[in-house]
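Below: the structure, in structure tokens.
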Amino acid sequence: MRSYRVRSTCGFLLLLFNFFLSMNGIVHGATEEESQQVYRVEISRDTVVSSVPGEQSGNCGKNKRLKVKSLQEMVLFDIDYRAVQGRLISSALLHVRSASPVKAPLARISVSSLASPWVEGNSSRYKPETGSSCFRQARYQQQEWAYPGSDLMDVVLGRGNTLWRFADCTMPDAQGWQTCAVDPAVVAARVSGLSYGFCMYDDLGTTWSIVSGKFAEDILPNRFFYSRESLIGKPFLEIRVGDRDTVAPQSVENVDVVTNGLPAGEAVVSWKTPSDYGGGRTLGFHVEYERGDGTRAAFPRYLVPMASQTGETVRMRIRDLSFEGGETITLSITAVDSVGNRSAPFIKNITLASDPSRAELEESDITPFSSSTDLPVVHGLKVSVVDVLDKIDPVTGKMIPVQQHGYKGGNHLYSAEKRLVRLQSARNEFVAFQLNLNGDSPRVRVSMAKYIDPHKANNFDPFRG
């Protein structure tokens with residue numbers, strides 16, 4: 001086997017991390033030979049898709065070179081995983097032969113699972129081909145990647161319930177070969193039937209350097225490597241496996257269903273991740289439904305959550321399907337472990353949201369603070385807080401547009417009297433405010449005090465002179 005020089009500390013740590021994963025994946029009692037087997041797994045299909053206008057409808061399924069280029073061009077590939085099926089995957093290395101080893105070799109890449117079926121295609125230079133995958137559609141003019149109007153980025157790199165990790169690649173050797181660590185869970189998702197392949201993304205993009213005091217920038221270089229159609233450097237995965245796992249995960253025990261406030265025909269279903277005792281872990285789920293007329297189908301993979309830690313809750317939003325308001329369906333949830341073993345299904349009838357107009361929102365008791373012209377003074381500076389969208393003339397201090405008298409000392413965010421800034425947001429939402437200091441001072445230092453829950457104490461003072 002080739003030896004490779006690691007490009008950076010980050011790459012070394014990732015490879016070392018994979019080594020420890022390999023050691024931890026050995027089941028006590030397994031033979032050394034079986035626990036440490038390494039397989040060369042061939043790439044079975046590959047293509048390039050592009051988000052660049054004019055190229056979004058085409059593919060490069062028959063090119064002899066593949067290319068990644070930051071957010072513009074990405075590679076889709078798949079593997080023949082039969083040799084490692086049923087075995088615990090402890091580490092994986094992607095081997096590629098660079099077709100631009102001097103100018104722009106691979107540097108840092110993300111490899112993601114893929115939540116939609118796709119077609120390699122027979123085109124080159126982004127020629128559109130009906131039925132083949134492109135950036136816009138999983139099957140051009142036939143099938144969306146996910147919901148109507150979606151594109152590739154809705155089913156990779158964390159979107160659409162996908163897994164991903166990034167790693168630094170080794171520098172090219174004398175023949176141009178490079179390696180990059182791939183998260184074992186991303187590979188396991190494909191082997192266990194929870195993914196339809198892989199998406200490869202160039203994390204580095206634009207690079208710059210300073211040589212002899214001169215700044216040079218290489219904007220979004222083309223990073224080429226040879227495809228499976230090439231005769232001089234087909235890419236492949238080197239997968240290290242441990243013991244066999246024949247033990248199915250435990251079954252899902254119960255689900256909670258929420259429909260209040262949702263559009264007709266939708267629901268949010270949640271359940272806890274069950275345990276697995278076969279040496280791996282519960283990795284994901286297959287979820288199916290049956291309608292009253294006997295129609296049965298699987299939910300699209302982009303709607304189905306991957307597993308969390310054992311005992312932690314996962315949530316699935318039922319949407320984008322043609323269910324009727326108030327319709328009752330039979331839900332079937334099967335847990336899947338990291339080699340593809342399946343639990344017994346959990347089955348339950350659930351009723352979807354009917355009339356969204358019935359949703360009731362709680363009345364808010366939050367009202368703006370009283371206006372005040374009595375502003376706190378710190379080191380001769382009057383302190384006020386306003387909304388991030390408010391404007392204040394830096395010369396005259398007047399508000400644009402004009403606000404009511406005392407607005408700077410009492411508004412929907414700020415109480416000068418209580419020295420309180422009150423921010424409200426939904427989950428994962430960003431909130432902000434402007435701090436306005438008016439006056440002359442030789443020295444200003446602004447720091448934020450530790451957050452205090454206003455329901456427990458009302459003495460949150462953000463102003464420290």
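Following the order of the structure tokens, chains are lettered A, B, ..., residues in each are numbered from 1, and ligands are numbered from 1.
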* To do: Mind checking which residues fall within 12 Å of Ser370 in chain A, counting only C-alpha atoms, ignoring those fewer than 5 positions away in the same chain, and posting them as JSON, numbers by chain?
  => {"A": [404, 405, 406, 407, 408, 409, 410, 411, 412, 413, 414, 415, 416, 417, 418]}
Export of prior selection with C-alpha atoms as an mmCIF file, in the first residue's frame:
data_model
loop_
_atom_site.group_PDB
_atom_site.id
_atom_site.type_symbol
_atom_site.label_atom_id
_atom_site.label_comp_id
_atom_site.auth_asym_id
_atom_site.auth_seq_id
_atom_site.Cartn_x
_atom_site.Cartn_y
_atom_site.Cartn_z
ATOM 1 C CA GLN A 404 -41.321 60.134 19.937
ATOM 2 C CA HIS A 405 -39.653 62.107 22.717
ATOM 3 C CA GLY A 406 -37.840 59.767 25.107
ATOM 4 C CA TYR A 407 -37.600 56.878 22.616
ATOM 5 C CA LYS A 408 -33.867 56.447 23.256
ATOM 6 C CA GLY A 409 -34.532 55.789 26.937
ATOM 7 C CA GLY A 410 -37.593 53.597 26.588
ATOM 8 C CA ASN A 411 -38.595 51.470 23.604
ATOM 9 C CA HIS A 412 -39.406 47.857 22.717
ATOM 10 C CA LEU A 413 -35.832 46.814 23.603
ATOM 11 C CA TYR A 414 -34.581 49.111 26.310
ATOM 12 C CA SER A 415 -35.511 50.565 29.677
ATOM 13 C CA ALA A 416 -33.134 53.306 30.856
ATOM 14 C CA GLU A 417 -34.896 53.284 34.210
ATOM 15 C CA LYS A 418 -34.293 49.560 34.777
#
* Asked: If you count only C-alpha atoms, which residues fall within 7 Å of Lys67 in chain A, apart from same-chain ones fewer than 2 positions away, as JSON, numbers by chain?
  -> {"A": [48, 65, 69, 73, 74, 75, 222, 223, 224, 225]}
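Take the candidates A:Pro300, A:Gly380, A:Gly278, A:Gly176 and check each one against Arg443 in chain A using only C-alpha atoms; the shortest distance goes to A:Gly380.
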* Asked: Neighbours of Ser195 in chain A within 8 Å (only C-alpha atoms; same-chain residues fewer than 2 positions away dropped), as a ChimeraX atom specification?
  -> /A:113-116,162,189-193,197-198,301
* To do: Give me every helix (DSSP H, G or I) residue in range 223-389 of chain A, going by DSSP on the backbone, as a ChimeraX atom specification.
  => /A:301-303,356-358
Just write the chosen residues, all heavy atoms, as a short mmCIF file (atom, residue, chain, number, x, y, z; two decimals), in the first residue's frame.
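The new file again29.cif reads:
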data_model
loop_
_atom_site.label_atom_id
_atom_site.label_comp_id
_atom_site.auth_asym_id
_atom_site.auth_seq_id
_atom_site.Cartn_x
_atom_site.Cartn_y
_atom_site.Cartn_z
N ARG A 301 -36.37 10.41 1.63
CA ARG A 301 -35.25 10.39 2.59
C ARG A 301 -34.97 11.77 3.16
O ARG A 301 -34.57 11.89 4.33
CB ARG A 301 -34.02 9.83 1.86
CG ARG A 301 -32.70 9.86 2.62
CD ARG A 301 -32.72 9.14 3.93
NE ARG A 301 -33.31 7.81 3.87
CZ ARG A 301 -33.66 7.12 4.93
NH1 ARG A 301 -33.51 7.64 6.14
NH2 ARG A 301 -34.19 5.94 4.81
N TYR A 302 -35.19 12.84 2.41
CA TYR A 302 -34.86 14.17 2.91
C TYR A 302 -35.76 14.60 4.06
O TYR A 302 -35.43 15.54 4.80
CB TYR A 302 -34.89 15.21 1.79
CG TYR A 302 -36.27 15.68 1.36
CD1 TYR A 302 -36.85 16.80 1.93
CD2 TYR A 302 -36.98 15.00 0.38
CE1 TYR A 302 -38.11 17.25 1.53
CE2 TYR A 302 -38.22 15.44 -0.03
CZ TYR A 302 -38.79 16.56 0.55
OH TYR A 302 -40.03 16.98 0.16
N LEU A 303 -36.90 13.92 4.25
CA LEU A 303 -37.79 14.24 5.37
C LEU A 303 -37.48 13.42 6.62
O LEU A 303 -37.91 13.77 7.71
CB LEU A 303 -39.25 13.99 4.97
CG LEU A 303 -39.87 14.92 3.93
CD1 LEU A 303 -41.31 14.52 3.67
CD2 LEU A 303 -39.80 16.37 4.37
N PRO A 356 -55.86 24.82 9.35
CA PRO A 356 -54.84 25.64 10.01
C PRO A 356 -55.41 26.87 10.70
O PRO A 356 -54.78 27.45 11.57
CB PRO A 356 -53.90 26.02 8.86
CG PRO A 356 -54.74 25.90 7.64
CD PRO A 356 -55.69 24.77 7.90
N SER A 357 -56.63 27.27 10.33
CA SER A 357 -57.22 28.45 10.95
C SER A 357 -57.58 28.19 12.41
O SER A 357 -57.85 29.11 13.16
CB SER A 357 -58.48 28.88 10.18
OG SER A 357 -59.49 27.89 10.27
N ARG A 358 -57.56 26.93 12.81
CA ARG A 358 -57.89 26.61 14.20
C ARG A 358 -56.70 26.79 15.13
O ARG A 358 -56.83 26.64 16.35
CB ARG A 358 -58.36 25.16 14.29
CG ARG A 358 -59.67 24.90 13.53
CD ARG A 358 -60.06 23.45 13.62
NE ARG A 358 -61.27 23.16 12.86
CZ ARG A 358 -61.78 21.94 12.68
NH1 ARG A 358 -61.16 20.89 13.20
NH2 ARG A 358 -62.87 21.77 11.98
#
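Residue nearest Ile318 in chain A within the list A:Asn63, A:Asn341, A:Asp276, A:Ala264: A:Ala264 [criterion: smallest interatomic distance, only C-alpha atoms].
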* All residues 10 Å or closer to range 143-149 of chain A, only C-alpha atoms, same chain fewer than 3 positions away omitted, as a PyMOL selection string -> chain A and resi 115-118+131-140+152-155+160+300-303+319-321
How would the residues just chosen look if you wrote them out with N, CA and C atoms as a short mmCIF file (atom, residue, chain, number, x, y, z; two decimals), in the first residue's frame?
data_model
loop_
_atom_site.label_atom_id
_atom_site.label_comp_id
_atom_site.auth_asym_id
_atom_site.auth_seq_id
_atom_site.Cartn_x
_atom_site.Cartn_y
_atom_site.Cartn_z
N ALA A 115 -29.37 12.61 0.12
CA ALA A 115 -30.72 12.21 0.53
C ALA A 115 -31.69 12.06 -0.63
N SER A 116 -31.18 11.83 -1.83
CA SER A 116 -32.08 11.66 -2.98
C SER A 116 -31.43 10.72 -3.99
N PRO A 117 -32.22 9.89 -4.67
CA PRO A 117 -31.66 9.11 -5.78
C PRO A 117 -31.13 10.04 -6.87
N TRP A 118 -30.15 9.56 -7.63
CA TRP A 118 -29.57 10.39 -8.68
C TRP A 118 -29.08 9.51 -9.82
N GLY A 131 -33.61 13.20 -17.73
CA GLY A 131 -33.53 12.03 -16.87
C GLY A 131 -32.24 11.89 -16.09
N SER A 132 -31.23 12.73 -16.37
CA SER A 132 -29.96 12.66 -15.65
C SER A 132 -29.87 13.77 -14.61
N SER A 133 -29.02 13.56 -13.63
CA SER A 133 -28.91 14.52 -12.53
C SER A 133 -28.15 15.77 -12.96
N CYS A 134 -28.60 16.89 -12.43
CA CYS A 134 -27.92 18.17 -12.60
C CYS A 134 -28.11 18.96 -11.31
N PHE A 135 -27.59 20.14 -11.24
CA PHE A 135 -27.72 20.92 -10.01
C PHE A 135 -29.18 21.22 -9.70
N ARG A 136 -29.96 21.51 -10.71
CA ARG A 136 -31.35 21.89 -10.50
C ARG A 136 -32.25 20.74 -10.10
N GLN A 137 -32.05 19.56 -10.71
CA GLN A 137 -32.98 18.45 -10.51
C GLN A 137 -32.25 17.12 -10.41
N ALA A 138 -32.83 16.21 -9.62
CA ALA A 138 -32.28 14.87 -9.49
C ALA A 138 -32.37 14.12 -10.81
N ARG A 139 -33.45 14.34 -11.53
CA ARG A 139 -33.60 13.84 -12.90
C ARG A 139 -34.10 15.02 -13.74
N TYR A 140 -33.28 15.51 -14.62
CA TYR A 140 -33.62 16.71 -15.38
C TYR A 140 -34.95 16.54 -16.10
N LEU A 152 -29.77 20.75 -5.56
CA LEU A 152 -28.88 19.78 -4.91
C LEU A 152 -28.58 20.14 -3.47
N MET A 153 -28.41 21.44 -3.18
CA MET A 153 -27.98 21.86 -1.85
C MET A 153 -29.05 21.60 -0.78
N ASP A 154 -30.24 21.19 -1.18
CA ASP A 154 -31.28 20.86 -0.21
C ASP A 154 -31.21 19.41 0.25
N VAL A 155 -30.29 18.61 -0.31
CA VAL A 155 -30.21 17.19 0.07
C VAL A 155 -28.78 16.76 0.38
N GLY A 160 -31.67 18.32 4.42
CA GLY A 160 -32.33 17.06 4.07
C GLY A 160 -31.90 15.90 4.95
N PRO A 300 -39.93 10.36 1.58
CA PRO A 300 -38.66 10.70 0.95
C PRO A 300 -37.56 10.84 1.99
N ARG A 301 -36.37 10.41 1.63
CA ARG A 301 -35.25 10.39 2.59
C ARG A 301 -34.97 11.77 3.16
N TYR A 302 -35.19 12.84 2.41
CA TYR A 302 -34.86 14.17 2.91
C TYR A 302 -35.76 14.60 4.06
N LEU A 303 -36.90 13.92 4.25
CA LEU A 303 -37.79 14.24 5.37
C LEU A 303 -37.48 13.42 6.62
N ARG A 319 -44.56 16.80 5.39
CA ARG A 319 -44.94 17.91 4.52
C ARG A 319 -44.60 17.54 3.08
N ASP A 320 -44.95 18.43 2.17
CA ASP A 320 -44.62 18.30 0.74
C ASP A 320 -45.31 17.13 0.06
N LEU A 321 -46.24 16.47 0.75
CA LEU A 321 -46.93 15.33 0.16
C LEU A 321 -48.42 15.66 0.00
#
